[in-house]
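Okay, entry.tsv is below, TSV, C-alpha atoms and all ligand atoms:
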```tsv
chain	number	residue	atom	x	y	z
A	1	MET	CA	0.00	0.00	0.00
A	2	LYS	CA	2.87	2.39	0.81
A	3	THR	CA	4.32	1.96	-2.68
A	4	PHE	CA	0.88	2.41	-4.20
A	5	ILE	CA	0.29	5.67	-2.29
A	6	LYS	CA	3.74	6.98	-3.17
A	7	ALA	CA	3.37	6.28	-6.87
A	8	ILE	CA	-0.22	7.24	-7.64
A	9	PRO	CA	-0.44	10.58	-9.51
A	10	LYS	CA	-2.12	13.22	-7.34
A	11	ALA	CA	-2.85	16.93	-6.97
A	12	GLU	CA	-2.18	19.03	-3.88
A	13	LEU	CA	-4.86	21.69	-3.37
A	14	HIS	CA	-4.21	23.03	0.13
A	15	LEU	CA	-0.61	24.02	0.70
A	16	HIS	CA	0.71	27.23	2.27
A	17	ILE	CA	4.11	27.93	0.77
A	18	GLU	CA	5.22	29.56	4.05
A	19	GLY	CA	4.28	26.28	5.74
A	20	THR	CA	6.95	24.44	3.76
A	21	LEU	CA	9.80	26.30	5.48
A	22	GLU	CA	11.76	23.39	6.94
A	23	PRO	CA	13.79	24.15	10.11
A	24	GLU	CA	17.07	23.59	8.22
A	25	MET	CA	16.12	26.17	5.59
A	26	MET	CA	14.92	28.53	8.32
A	27	MET	CA	18.30	28.34	10.07
A	28	ALA	CA	20.23	28.75	6.80
A	29	MET	CA	18.16	31.73	5.65
A	30	GLY	CA	18.35	33.32	9.10
A	31	LYS	CA	22.12	33.10	8.81
A	32	ARG	CA	22.41	34.38	5.24
A	33	ASN	CA	20.01	37.29	5.93
A	34	SER	CA	21.39	38.07	9.41
A	35	VAL	CA	17.99	37.55	11.02
A	36	PRO	CA	18.34	36.37	14.63
A	37	LEU	CA	16.19	33.36	15.56
A	38	PRO	CA	15.17	32.20	19.05
A	39	TYR	CA	16.56	28.69	18.34
A	40	PRO	CA	20.19	27.43	18.35
A	41	ASP	CA	19.59	24.73	15.70
A	42	ALA	CA	17.04	22.89	13.56
A	43	ALA	CA	16.45	20.22	16.20
A	44	SER	CA	15.40	22.86	18.74
A	45	VAL	CA	13.03	24.36	16.18
A	46	ARG	CA	11.34	20.98	15.73
A	47	LYS	CA	11.05	20.59	19.51
A	48	ALA	CA	9.08	23.84	19.67
A	49	TYR	CA	6.42	22.41	17.33
A	50	ALA	CA	3.92	21.22	19.93
A	51	PHE	CA	0.72	23.17	19.36
A	52	ASP	CA	-2.38	23.58	21.53
A	53	ASP	CA	-4.60	24.94	18.78
A	54	LEU	CA	-4.56	26.92	15.52
A	55	GLN	CA	-3.49	30.20	17.16
A	56	SER	CA	-0.51	28.68	18.99
A	57	PHE	CA	0.68	27.32	15.64
A	58	LEU	CA	0.12	30.61	13.80
A	59	ASP	CA	2.19	32.55	16.36
A	60	ILE	CA	5.24	30.36	15.65
A	61	TYR	CA	4.56	30.18	11.91
A	62	TYR	CA	4.34	33.95	11.41
A	63	ASN	CA	7.52	34.48	13.46
A	64	ALA	CA	9.43	32.04	11.29
A	65	THR	CA	8.64	34.00	8.12
A	66	SER	CA	10.99	36.75	9.38
A	67	VAL	CA	13.87	35.00	7.58
A	68	LEU	CA	12.21	35.50	4.18
A	69	LEU	CA	13.42	38.86	2.86
A	70	HIS	CA	14.52	38.76	-0.76
A	71	GLU	CA	12.98	37.56	-4.00
A	72	GLN	CA	15.56	34.76	-4.04
A	73	ASP	CA	14.36	33.54	-0.59
A	74	PHE	CA	10.80	33.12	-1.88
A	75	TYR	CA	12.19	31.46	-5.01
A	76	ASP	CA	14.28	28.99	-2.99
A	77	LEU	CA	11.41	28.17	-0.63
A	78	THR	CA	9.04	27.46	-3.52
A	79	THR	CA	11.59	25.45	-5.49
A	80	ALA	CA	12.32	23.23	-2.48
A	81	TYR	CA	8.60	22.47	-2.13
A	82	LEU	CA	8.16	21.66	-5.83
A	83	LYS	CA	11.13	19.31	-5.76
A	84	LYS	CA	9.67	17.48	-2.78
A	85	ALA	CA	6.18	17.40	-4.30
A	86	ALA	CA	7.48	16.01	-7.62
A	87	ALA	CA	9.26	13.23	-5.74
A	88	GLN	CA	5.87	12.36	-4.17
A	89	ASN	CA	4.20	12.20	-7.60
A	90	VAL	CA	2.27	15.42	-7.21
A	91	ARG	CA	1.42	16.40	-10.80
A	92	HIS	CA	-0.47	19.61	-10.03
A	93	ALA	CA	-0.34	21.98	-7.04
A	94	GLU	CA	-2.60	24.89	-6.09
A	95	ILE	CA	-0.48	26.93	-3.73
A	96	PHE	CA	-1.37	29.60	-1.13
A	97	PHE	CA	0.81	32.52	-0.14
A	98	ASP	CA	0.21	35.15	2.55
A	99	PRO	CA	1.60	38.46	1.19
A	100	GLN	CA	0.35	40.51	4.18
A	101	THR	CA	2.64	38.49	6.47
A	102	HIS	CA	5.58	39.80	4.46
A	103	THR	CA	4.55	43.29	3.36
A	104	SER	CA	3.83	44.17	7.02
A	105	ARG	CA	7.59	43.81	7.61
A	106	GLU	CA	9.87	46.77	6.83
A	107	GLY	CA	11.01	46.99	3.23
A	108	ILE	CA	9.36	43.91	1.72
A	109	ALA	CA	7.34	44.70	-1.39
A	110	PHE	CA	4.35	42.77	-2.70
A	111	SER	CA	6.26	42.37	-5.97
A	112	THR	CA	9.28	40.80	-4.21
A	113	VAL	CA	7.15	38.04	-2.73
A	114	THR	CA	4.96	37.45	-5.76
A	115	LYS	CA	7.74	37.49	-8.34
A	116	GLY	CA	9.98	35.16	-6.33
A	117	ILE	CA	7.25	32.56	-5.99
A	118	HIS	CA	6.07	32.94	-9.57
A	119	ARG	CA	9.54	32.56	-11.07
A	120	ALA	CA	9.99	29.33	-9.09
A	121	LEU	CA	6.62	28.02	-10.31
A	122	GLN	CA	7.58	28.73	-13.91
A	123	ASP	CA	11.00	27.09	-13.57
A	124	GLY	CA	9.47	24.24	-11.56
A	125	GLU	CA	7.02	23.41	-14.32
A	126	LYS	CA	9.94	23.06	-16.73
A	127	GLN	CA	12.22	21.22	-14.31
A	128	PHE	CA	9.75	18.96	-12.48
A	129	GLY	CA	6.77	18.88	-14.84
A	130	ILE	CA	4.34	20.12	-12.17
A	131	THR	CA	1.51	22.41	-13.23
A	132	THR	CA	0.49	25.02	-10.63
A	133	LYS	CA	-1.96	27.75	-9.73
A	134	LEU	CA	-1.16	30.49	-7.23
A	135	PHE	CA	-3.71	31.70	-4.65
A	136	LEU	CA	-3.29	34.83	-2.56
A	137	CYS	CA	-4.64	34.30	0.95
A	138	ILE	CA	-6.10	37.25	2.84
A	139	LEU	CA	-5.31	37.21	6.58
A	140	ARG	CA	-8.67	37.15	8.35
A	141	HIS	CA	-7.33	38.45	11.68
A	142	LEU	CA	-6.65	41.76	9.89
A	143	SER	CA	-9.37	44.15	8.77
A	144	GLU	CA	-11.34	43.89	5.54
A	145	LYS	CA	-9.94	47.31	4.61
A	146	GLU	CA	-6.36	46.00	4.83
A	147	GLY	CA	-7.43	42.95	2.83
A	148	LEU	CA	-8.93	45.18	0.15
A	149	GLU	CA	-5.66	47.11	-0.12
A	150	THR	CA	-3.87	43.81	-0.72
A	151	LEU	CA	-6.47	42.73	-3.27
A	152	GLU	CA	-5.90	46.05	-5.04
A	153	GLN	CA	-2.19	45.17	-5.38
A	154	ALA	CA	-3.08	41.78	-6.80
A	155	LEU	CA	-4.99	43.35	-9.70
A	156	ASP	CA	-1.70	44.07	-11.49
A	157	TYR	CA	-0.75	40.38	-11.18
A	158	LYS	CA	-3.84	38.72	-12.61
A	159	ASN	CA	-1.65	36.78	-15.03
A	160	ILE	CA	0.22	35.29	-12.05
A	161	ILE	CA	-2.40	35.09	-9.26
A	162	ALA	CA	-5.27	32.76	-10.15
A	163	GLY	CA	-7.36	33.13	-7.04
A	164	ILE	CA	-8.05	34.52	-3.61
A	165	GLY	CA	-8.29	32.57	-0.33
A	166	LEU	CA	-8.90	33.39	3.33
A	167	ASP	CA	-6.76	32.02	6.16
A	168	SER	CA	-5.31	32.67	9.66
A	169	SER	CA	-7.26	32.82	12.97
A	170	GLU	CA	-10.73	31.51	12.19
A	171	LEU	CA	-12.67	31.88	15.46
A	172	GLY	CA	-14.03	35.41	15.79
A	173	ASN	CA	-13.21	36.22	12.15
A	174	PRO	CA	-16.15	34.75	10.23
A	175	PRO	CA	-16.39	34.80	6.42
A	176	ASN	CA	-19.10	37.51	6.58
A	177	LYS	CA	-16.38	39.97	7.69
A	178	PHE	CA	-15.01	39.78	4.11
A	179	LYS	CA	-18.23	40.17	2.12
A	180	GLU	CA	-17.13	43.26	0.17
A	181	LEU	CA	-13.65	41.87	-0.49
A	182	TYR	CA	-15.00	38.67	-2.02
A	183	LYS	CA	-17.59	40.60	-4.00
A	184	ARG	CA	-14.73	42.52	-5.57
A	185	ALA	CA	-12.53	39.43	-6.03
A	186	ASN	CA	-15.32	37.51	-7.76
A	187	LYS	CA	-16.15	40.53	-9.94
A	188	GLU	CA	-12.51	40.88	-10.95
A	189	GLY	CA	-12.58	37.27	-12.18
A	190	PHE	CA	-10.41	35.67	-9.49
A	191	LEU	CA	-11.20	32.11	-8.46
A	192	THR	CA	-12.27	32.17	-4.81
A	193	VAL	CA	-11.84	29.72	-1.93
A	194	ALA	CA	-11.82	30.14	1.87
A	195	HIS	CA	-10.73	28.30	5.00
A	196	ALA	CA	-13.94	27.48	6.86
A	197	GLY	CA	-15.01	24.83	9.33
A	198	GLU	CA	-11.51	24.04	10.59
A	199	GLU	CA	-11.97	25.39	14.15
A	200	GLY	CA	-15.05	27.43	13.23
A	201	HIS	CA	-18.47	25.80	13.32
A	202	ALA	CA	-20.62	24.77	10.36
A	203	ASP	CA	-22.18	28.23	10.06
A	204	TYR	CA	-18.79	29.54	8.89
A	205	ILE	CA	-19.06	27.16	5.94
A	206	TRP	CA	-22.58	28.39	5.14
A	207	GLN	CA	-21.23	31.96	5.18
A	208	ALA	CA	-18.33	31.06	2.88
A	209	LEU	CA	-20.82	29.55	0.41
A	210	ASN	CA	-23.67	32.05	0.67
A	211	THR	CA	-21.88	35.33	1.39
A	212	LEU	CA	-18.46	34.85	-0.22
A	213	HIS	CA	-19.67	32.55	-3.03
A	214	VAL	CA	-16.51	30.47	-2.96
A	215	ALA	CA	-15.99	27.53	-5.31
A	216	ARG	CA	-14.11	25.41	-2.77
A	217	ILE	CA	-13.85	25.11	1.02
A	218	ASP	CA	-10.49	24.64	2.74
A	219	HIS	CA	-10.73	22.13	5.61
A	220	GLY	CA	-14.52	22.08	6.10
A	221	VAL	CA	-14.37	19.07	8.41
A	222	ARG	CA	-16.98	20.56	10.75
A	223	CYS	CA	-19.62	20.39	7.99
A	224	MET	CA	-20.49	16.96	9.35
A	225	GLU	CA	-22.18	18.63	12.32
A	226	ASP	CA	-24.92	19.99	10.03
A	227	GLU	CA	-26.85	17.49	7.90
A	228	LYS	CA	-28.47	20.19	5.73
A	229	LEU	CA	-25.02	21.58	4.93
A	230	VAL	CA	-23.70	18.14	4.03
A	231	GLU	CA	-26.67	17.65	1.68
A	232	LYS	CA	-25.89	20.97	0.01
A	233	LEU	CA	-22.18	20.22	-0.35
A	234	VAL	CA	-22.88	16.78	-1.82
A	235	ALA	CA	-25.52	18.07	-4.25
A	236	SER	CA	-23.43	21.03	-5.41
A	237	LYS	CA	-20.17	19.00	-5.48
A	238	VAL	CA	-18.29	21.78	-3.68
A	239	PRO	CA	-14.86	20.31	-2.91
A	240	LEU	CA	-13.34	20.23	0.57
A	241	THR	CA	-9.56	20.28	0.95
A	242	VAL	CA	-8.95	18.28	4.12
A	243	CYS	CA	-5.53	18.21	5.84
A	244	PRO	CA	-5.42	15.23	8.21
A	245	LEU	CA	-1.99	15.64	9.88
A	246	SER	CA	-2.71	19.33	10.41
A	247	ASN	CA	-6.08	18.53	12.00
A	248	VAL	CA	-4.51	16.16	14.52
A	249	LYS	CA	-1.54	18.45	15.31
A	250	LEU	CA	-3.94	21.35	15.94
A	251	HIS	CA	-6.30	19.14	18.01
A	252	ILE	CA	-9.29	19.45	15.70
A	253	PHE	CA	-9.45	15.65	16.27
A	254	PRO	CA	-7.92	13.95	19.32
A	255	SER	CA	-6.23	11.30	17.14
A	256	MET	CA	-6.07	10.18	13.50
A	257	LYS	CA	-8.33	7.25	14.33
A	258	LYS	CA	-11.01	9.78	15.29
A	259	HIS	CA	-10.69	11.78	12.04
A	260	ASN	CA	-13.95	11.99	10.08
A	261	LEU	CA	-12.37	11.81	6.60
A	262	LYS	CA	-13.64	8.32	5.77
A	263	LYS	CA	-17.14	9.27	6.95
A	264	MET	CA	-16.99	12.31	4.68
A	265	LEU	CA	-15.89	10.18	1.74
A	266	ASP	CA	-18.62	7.58	2.36
A	267	ARG	CA	-21.21	10.34	2.64
A	268	GLY	CA	-20.43	11.32	-0.96
A	269	LEU	CA	-18.55	14.56	-0.30
A	270	LEU	CA	-15.88	15.64	-2.78
A	271	VAL	CA	-13.06	15.39	-0.23
A	272	THR	CA	-9.34	15.56	-0.94
A	273	VAL	CA	-6.20	14.89	1.13
A	274	ASN	CA	-3.62	17.68	1.46
A	275	SER	CA	-0.73	18.77	3.64
A	276	ASP	CA	-1.48	22.41	4.70
A	277	ASP	CA	1.88	23.27	6.36
A	278	PRO	CA	4.02	20.15	5.93
A	279	ALA	CA	7.16	21.51	7.62
A	280	TYR	CA	5.14	22.02	10.81
A	281	PHE	CA	2.74	19.09	10.88
A	282	GLY	CA	5.02	16.10	10.27
A	283	GLY	CA	4.64	15.32	6.63
A	284	TYR	CA	3.95	16.15	3.01
A	285	ILE	CA	1.06	14.79	0.96
A	286	ASN	CA	2.11	11.13	0.91
A	287	GLU	CA	2.59	11.11	4.69
A	288	ASN	CA	-0.97	12.45	4.95
A	289	TYR	CA	-2.31	9.70	2.67
A	290	MET	CA	-0.38	7.06	4.63
A	291	ALA	CA	-1.51	8.34	8.03
A	292	VAL	CA	-5.20	8.19	7.11
A	293	GLN	CA	-4.81	4.88	5.28
A	294	GLN	CA	-3.39	3.25	8.39
A	295	ALA	CA	-5.57	4.89	11.04
A	296	LEU	CA	-8.84	4.57	9.12
A	297	ASN	CA	-8.11	1.22	7.46
A	298	LEU	CA	-8.53	2.57	3.95
A	299	ASP	CA	-8.29	0.26	0.96
A	300	ARG	CA	-6.88	0.86	-2.52
A	301	GLN	CA	-10.25	2.04	-3.81
A	302	ASP	CA	-10.36	4.82	-1.19
A	303	ILE	CA	-6.85	5.95	-2.13
A	304	ILE	CA	-7.77	5.96	-5.83
A	305	GLN	CA	-10.88	8.00	-4.99
A	306	PHE	CA	-8.78	10.63	-3.17
A	307	ALA	CA	-6.42	10.89	-6.13
A	308	VAL	CA	-9.30	11.17	-8.62
A	309	ASN	CA	-11.05	13.71	-6.37
A	310	SER	CA	-7.87	15.78	-6.18
A	311	PHE	CA	-7.99	16.45	-9.92
A	312	ASN	CA	-11.77	16.82	-10.06
A	313	ALA	CA	-11.58	19.36	-7.22
A	314	SER	CA	-8.81	21.32	-8.95
A	315	PHE	CA	-9.25	24.42	-11.09
A	316	LEU	CA	-7.52	22.80	-14.05
A	317	PRO	CA	-9.14	23.12	-17.45
A	318	GLN	CA	-11.16	20.02	-18.38
A	319	GLU	CA	-8.65	18.80	-20.97
A	320	THR	CA	-5.65	18.86	-18.60
A	321	ARG	CA	-7.73	17.34	-15.82
A	322	GLN	CA	-8.70	14.47	-18.10
A	323	ARG	CA	-5.06	13.88	-19.03
A	324	TYR	CA	-4.20	13.45	-15.33
A	325	LEU	CA	-7.24	11.22	-14.72
A	326	ASP	CA	-6.14	9.01	-17.62
A	327	GLU	CA	-2.72	8.82	-16.01
A	328	ILE	CA	-4.33	7.51	-12.81
A	329	LYS	CA	-6.29	4.93	-14.82
A	330	THR	CA	-3.15	3.60	-16.51
A	331	PHE	CA	-1.28	3.58	-13.20
A	332	VAL	CA	-4.06	1.62	-11.46
A	333	GLN	CA	-4.28	-0.92	-14.30
A	334	HIS	CA	-0.54	-1.60	-14.10
A	335	ALA	CA	-0.65	-1.82	-10.31
A	336	HIS	CA	-3.51	-4.35	-10.42
A	337	GLU	CA	-1.74	-6.42	-13.09
A	338	LYS	CA	1.38	-6.48	-10.97
A	339	THR	CA	-0.61	-7.60	-7.90
A	340	ASP	CA	-2.20	-10.40	-9.96
A	341	ARG	CA	1.23	-11.53	-11.21
A	342	ASP	CA	2.65	-11.48	-7.68
A	343	ASN	CA	-0.21	-13.57	-6.28
A	401	LIG	N1	-4.35	25.50	8.94
A	401	LIG	C1	-4.41	26.81	8.77
A	401	LIG	N2	-5.54	27.46	9.11
A	401	LIG	C2	-5.62	28.79	8.97
A	401	LIG	N3	-4.64	29.54	8.51
A	401	LIG	C3	-3.48	28.94	8.15
A	401	LIG	N4	-2.35	29.43	7.67
A	401	LIG	C4	-1.50	28.41	7.50
A	401	LIG	N5	-2.06	27.27	7.87
A	401	LIG	C5	-3.33	27.57	8.28
A	402	ZN	ZN	-4.57	25.99	5.46
```
The structure given in the file should be rewritten as structure tokens.
Amino acid sequence: MKTFIKAIPKAELHLHIEGTLEPEMMMAMGKRNSVPLPYPDAASVRKAYAFDDLQSFLDIYYNATSVLLHEQDFYDLTTAYLKKAAAQNVRHAEIFFDPQTHTSREGIAFSTVTKGIHRALQDGEKQFGITTKLFLCILRHLSEKEGLETLEQALDYKNIIAGIGLDSSELGNPPNKFKELYKRANKEGFLTVAHAGEEGHADYIWQALNTLHVARIDHGVRCMEDEKLVEKLVASKVPLTVCPLSNVKLHIFPSMKKHNLKKMLDRGLLVTVNSDDPAYFGGYINENYMAVQQALNLDRQDIIQFAVNSFNASFLPQETRQRYLDEIKTFVQHAHEKTDRDN
């Protein structure tokens, strides 16, 4: 099963590029940019990664971004992720970045961040064969006005930024707070998604759908508390980008065995498996697939369904999506033939 999970072609749809900053890279960048860090080495950084909830994670995560200063830093960070993702047979990645985290620091321009990431995505497609889409996430703990100023900056980068998302501290910052921002984003032709129903209750998901009119929900695991909402999500095929290791690390579920992913899948929801912030939560996409496979006793068919869902839930054009789905079909056929031969 491990080999099968590793090799099956898949898409990653919920990945914060800042969340791929591995402790070793953090230490190296801190050194090269003369940014002091509160840790003596990478091992001490890892030791600090015991979180009580989303906020306790975000505090550490935002602090760590202080080492990212120059366009080259954003380029290197993104390239390291793409290399890792390609090795895990990720064929397509829809990637979040949080520009406000960087532009709030002295002397870091929106263009520095955006260009560094974009250049890496372009080179990565050539080097690793991964297609990508870039999503700008608005920080929901900041005001809608500040978010609108950031959205304004994104208008000049429509050829680079495919969509707008909403992340950071969920409780107390409901989707309705960003009604005008999403109205503008949708009108400007951006794809729109939002984190909802991670720590926030099911009503946050209703708001994301009915007020923000998003095409996809990030996390969304708390939808299962509201049967009417589940019915709507199933009927409208709105995808949910679930991040199992993240959910356990942030105590959304007490253990992986208690995760509701399999229940969501069996209920007919368009659920996908993703890594969120892999450098902080103990694994990239394949480690997420493996963790749920083991804890929830998933079979090959479930794994295939997650891989198929990942492309169906993506914003890829139909033709490209079909090419990837055909790749899965061929892969599965070969895998089954090999199993038959071995038996
Ligand atoms: N899991 C998460 N929830 C909200 N905001 C985030 N930013 C990075 N990871 C996040
Ligand atoms: Zn996230």
Give the answer as one residue: which of A:Ala196, A:Leu148, A:Val332, A:Leu229 has the shortest atom-to-atom distance to Ile217 (chain A), using only C-alpha atoms?
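The answer is A:Ala196, which sits nearest to Ile217 (chain A).
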Is it possible to get the residues within 12 Å of (-18.4, 7.7, 2.1) (coordinates as in the file, counting all atoms listed in the file) written as a short mmCIF file (atom, residue, chain, number, x, y, z; two decimals) with C-alpha atoms, in the frame of the given file?
```
data_model
loop_
_atom_site.label_atom_id
_atom_site.label_comp_id
_atom_site.auth_asym_id
_atom_site.auth_seq_id
_atom_site.Cartn_x
_atom_site.Cartn_y
_atom_site.Cartn_z
CA MET A 224 -20.49 16.96 9.35
CA VAL A 230 -23.70 18.14 4.03
CA VAL A 234 -22.88 16.78 -1.82
CA ASN A 260 -13.95 11.99 10.08
CA LEU A 261 -12.37 11.81 6.60
CA LYS A 262 -13.64 8.32 5.77
CA LYS A 263 -17.14 9.27 6.95
CA MET A 264 -16.99 12.31 4.68
CA LEU A 265 -15.89 10.18 1.74
CA ASP A 266 -18.62 7.58 2.36
CA ARG A 267 -21.21 10.34 2.64
CA GLY A 268 -20.43 11.32 -0.96
CA LEU A 269 -18.55 14.56 -0.30
CA LEU A 270 -15.88 15.64 -2.78
CA VAL A 271 -13.06 15.39 -0.23
CA LEU A 298 -8.53 2.57 3.95
CA GLN A 301 -10.25 2.04 -3.81
CA ASP A 302 -10.36 4.82 -1.19
CA GLN A 305 -10.88 8.00 -4.99
CA PHE A 306 -8.78 10.63 -3.17
#
```
Counting all atoms listed in the file, figure out which residue out of A:Asn186, A:Thr103, A:Asn247, A:Thr192 gets nearest to Cys137 (chain A).
A:Thr192
Closest of A:Ser34, A:Thr241, A:Asn288, A:Thr65 to ligand ZN 402 (chain A) - atom-to-atom distances counting only C-alpha atoms and all ligand atoms:
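Smallest separation from ligand ZN 402 (chain A) among the options: A:Thr241.
Distance-wise, CA of Ile117 (chain A) and CA of Phe74 (chain A) end up 5.5 Å apart.
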Identify which of the residues A:Ala120, A:Ile108, A:Leu151, A:Val113 lies closest to Glu188 (chain A), counting only C-alpha atoms when measuring atom-to-atom distances.
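Looking at the shortest contact to Glu188 (chain A), the residue is A:Leu151.
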Can you build me a table of chain A residues sitting at most 9 Å from ligand ZN 402 (chain A), with the closest atom pair per residue and its distance in Å to one decimal, using only C-alpha atoms and all ligand atoms, sorted by chain and residue number, as a Markdown table?
```
| residue | atom | partner | partner_atom | distance |
| --- | --- | --- | --- | --- |
| A:His14 | CA | A:ZN402 | ZN | 6.1 |
| A:Leu15 | CA | A:ZN402 | ZN | 6.5 |
| A:His16 | CA | A:ZN402 | ZN | 6.3 |
| A:Gly19 | CA | A:ZN402 | ZN | 8.9 |
| A:Phe96 | CA | A:ZN402 | ZN | 8.2 |
| A:Leu166 | CA | A:ZN402 | ZN | 8.8 |
| A:Asp167 | CA | A:ZN402 | ZN | 6.5 |
| A:Ser168 | CA | A:ZN402 | ZN | 7.9 |
| A:His195 | CA | A:ZN402 | ZN | 6.6 |
| A:Glu198 | CA | A:ZN402 | ZN | 8.8 |
| A:Asp218 | CA | A:ZN402 | ZN | 6.7 |
| A:His219 | CA | A:ZN402 | ZN | 7.3 |
| A:Thr241 | CA | A:ZN402 | ZN | 8.8 |
| A:Val242 | CA | A:ZN402 | ZN | 9.0 |
| A:Cys243 | CA | A:ZN402 | ZN | 7.8 |
| A:Ser246 | CA | A:ZN402 | ZN | 8.5 |
| A:Ser275 | CA | A:ZN402 | ZN | 8.4 |
| A:Asp276 | CA | A:ZN402 | ZN | 4.8 |
| A:Asp277 | CA | A:ZN402 | ZN | 7.1 |
```
Of A:Gln153, A:Asn274, A:Asn159, A:Ser236, the one nearest to ligand LIG 401 (chain A) when counting all atoms listed in the file is A:Asn274
For the atom pair CA of Ala64 (chain A) and CA of Phe253 (chain A), what is the interatomic distance in Å to one decimal place?
25.5 Å
Near Leu21 (chain A), within 12 Å and counting all atoms listed in the file, which residues show up once chain neighbours fewer than 6 positions away are dropped, as a PyMOL selection string?
chain A and resi 15+27-30+42+45-46+60-68+73-81+276-281+284
Which of these residues is nearest to ligand LIG 401 (chain A), using all atoms listed in the file: A:Gln122, A:Asn173, A:Gln88, A:Thr132?
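Among the listed residues, the smallest separation from ligand LIG 401 (chain A) belongs to A:Asn173.
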Two-atom distance - CA of Val221 (chain A), CA of Ser143 (chain A) (Å):
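Here the two named atoms are 25.6 Å from each other.
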Using the file's own x, y and z axes, so that the box edges lie along x, y and z, what centre and edge lengths in Å (one decimal) does a box around every listed atom of ligand LIG 401 (chain A) get when 4 Å is added on each side? Give it as AutoDock Vina command-line options.
```
--center_x -3.6 --center_y 27.5 --center_z 8.3 --size_x 12.1 --size_y 12.0 --size_z 9.6
```
Distance cut-off 10 Å, centre (-5.7, 6.7, 10.4) in file coordinates, counting only C-alpha atoms: which residues qualify? Return them as a list of chain:residue names.
A:Pro244, A:Leu245, A:Ser255, A:Met256, A:Lys257, A:Lys258, A:His259, A:Asn260, A:Leu261, A:Lys262, A:Asn288, A:Tyr289, A:Met290, A:Ala291, A:Val292, A:Gln293, A:Gln294, A:Ala295, A:Leu296, A:Asn297, A:Leu298
Do you know which residues are at most 12 Å from Ile205 (chain A) counting all atoms listed in the file, after dropping those on the same chain fewer than 6 positions away, and could you put them as a ChimeraX atom specification?
/A:170,174-176,193-199,211-226,228-230,232-233,238-240
Excluding Leu155 (chain A) and residues on its chain fewer than 3 positions from it, collect all residues at most 12 Å away from it, counting only C-alpha atoms, and give them as number ranges by chain.
A: 110-111, 136, 148-152, 158-164, 184-185, 187-190
Arg91 (chain A) environment, 12 Å, only C-alpha atoms, sequence neighbours closer than 2 positions dropped, as a PyMOL selection string:
chain A and resi 7-13+82-89+93-94+124-125+128-133+285+307+310-311+314+316+320-321+323-325+327-328
Requested file, region 200-213 of chain A restricted to N, CA and C atoms, as a short mmCIF file (atom, residue, chain, number, x, y, z; two decimals), in the first residue's frame:
```cif
data_model
loop_
_atom_site.label_atom_id
_atom_site.label_comp_id
_atom_site.auth_asym_id
_atom_site.auth_seq_id
_atom_site.Cartn_x
_atom_site.Cartn_y
_atom_site.Cartn_z
N GLY A 200 -13.74 26.76 13.24
CA GLY A 200 -15.05 27.43 13.23
C GLY A 200 -16.16 26.44 12.95
N HIS A 201 -17.35 26.73 13.47
CA HIS A 201 -18.47 25.80 13.32
C HIS A 201 -19.07 25.85 11.91
N ALA A 202 -20.06 24.96 11.70
CA ALA A 202 -20.62 24.77 10.36
C ALA A 202 -21.15 26.07 9.76
N ASP A 203 -21.64 26.97 10.60
CA ASP A 203 -22.18 28.23 10.06
C ASP A 203 -21.12 29.01 9.27
N TYR A 204 -19.85 28.86 9.64
CA TYR A 204 -18.79 29.54 8.89
C TYR A 204 -18.73 29.01 7.45
N ILE A 205 -19.07 27.74 7.30
CA ILE A 205 -19.06 27.16 5.94
C ILE A 205 -20.26 27.70 5.14
N TRP A 206 -21.41 27.77 5.80
CA TRP A 206 -22.58 28.39 5.14
C TRP A 206 -22.23 29.80 4.66
N GLN A 207 -21.58 30.57 5.53
CA GLN A 207 -21.23 31.96 5.18
C GLN A 207 -20.28 31.99 3.98
N ALA A 208 -19.30 31.08 4.00
CA ALA A 208 -18.33 31.06 2.88
C ALA A 208 -19.06 30.77 1.56
N LEU A 209 -20.07 29.90 1.63
CA LEU A 209 -20.82 29.55 0.41
C LEU A 209 -21.78 30.67 0.02
N ASN A 210 -22.56 31.14 1.00
CA ASN A 210 -23.67 32.05 0.67
C ASN A 210 -23.29 33.52 0.62
N THR A 211 -22.28 33.91 1.41
CA THR A 211 -21.88 35.33 1.39
C THR A 211 -20.67 35.55 0.49
N LEU A 212 -19.69 34.64 0.57
CA LEU A 212 -18.46 34.85 -0.22
C LEU A 212 -18.54 34.20 -1.61
N HIS A 213 -19.48 33.27 -1.76
CA HIS A 213 -19.67 32.55 -3.03
C HIS A 213 -18.39 31.86 -3.51
#
```
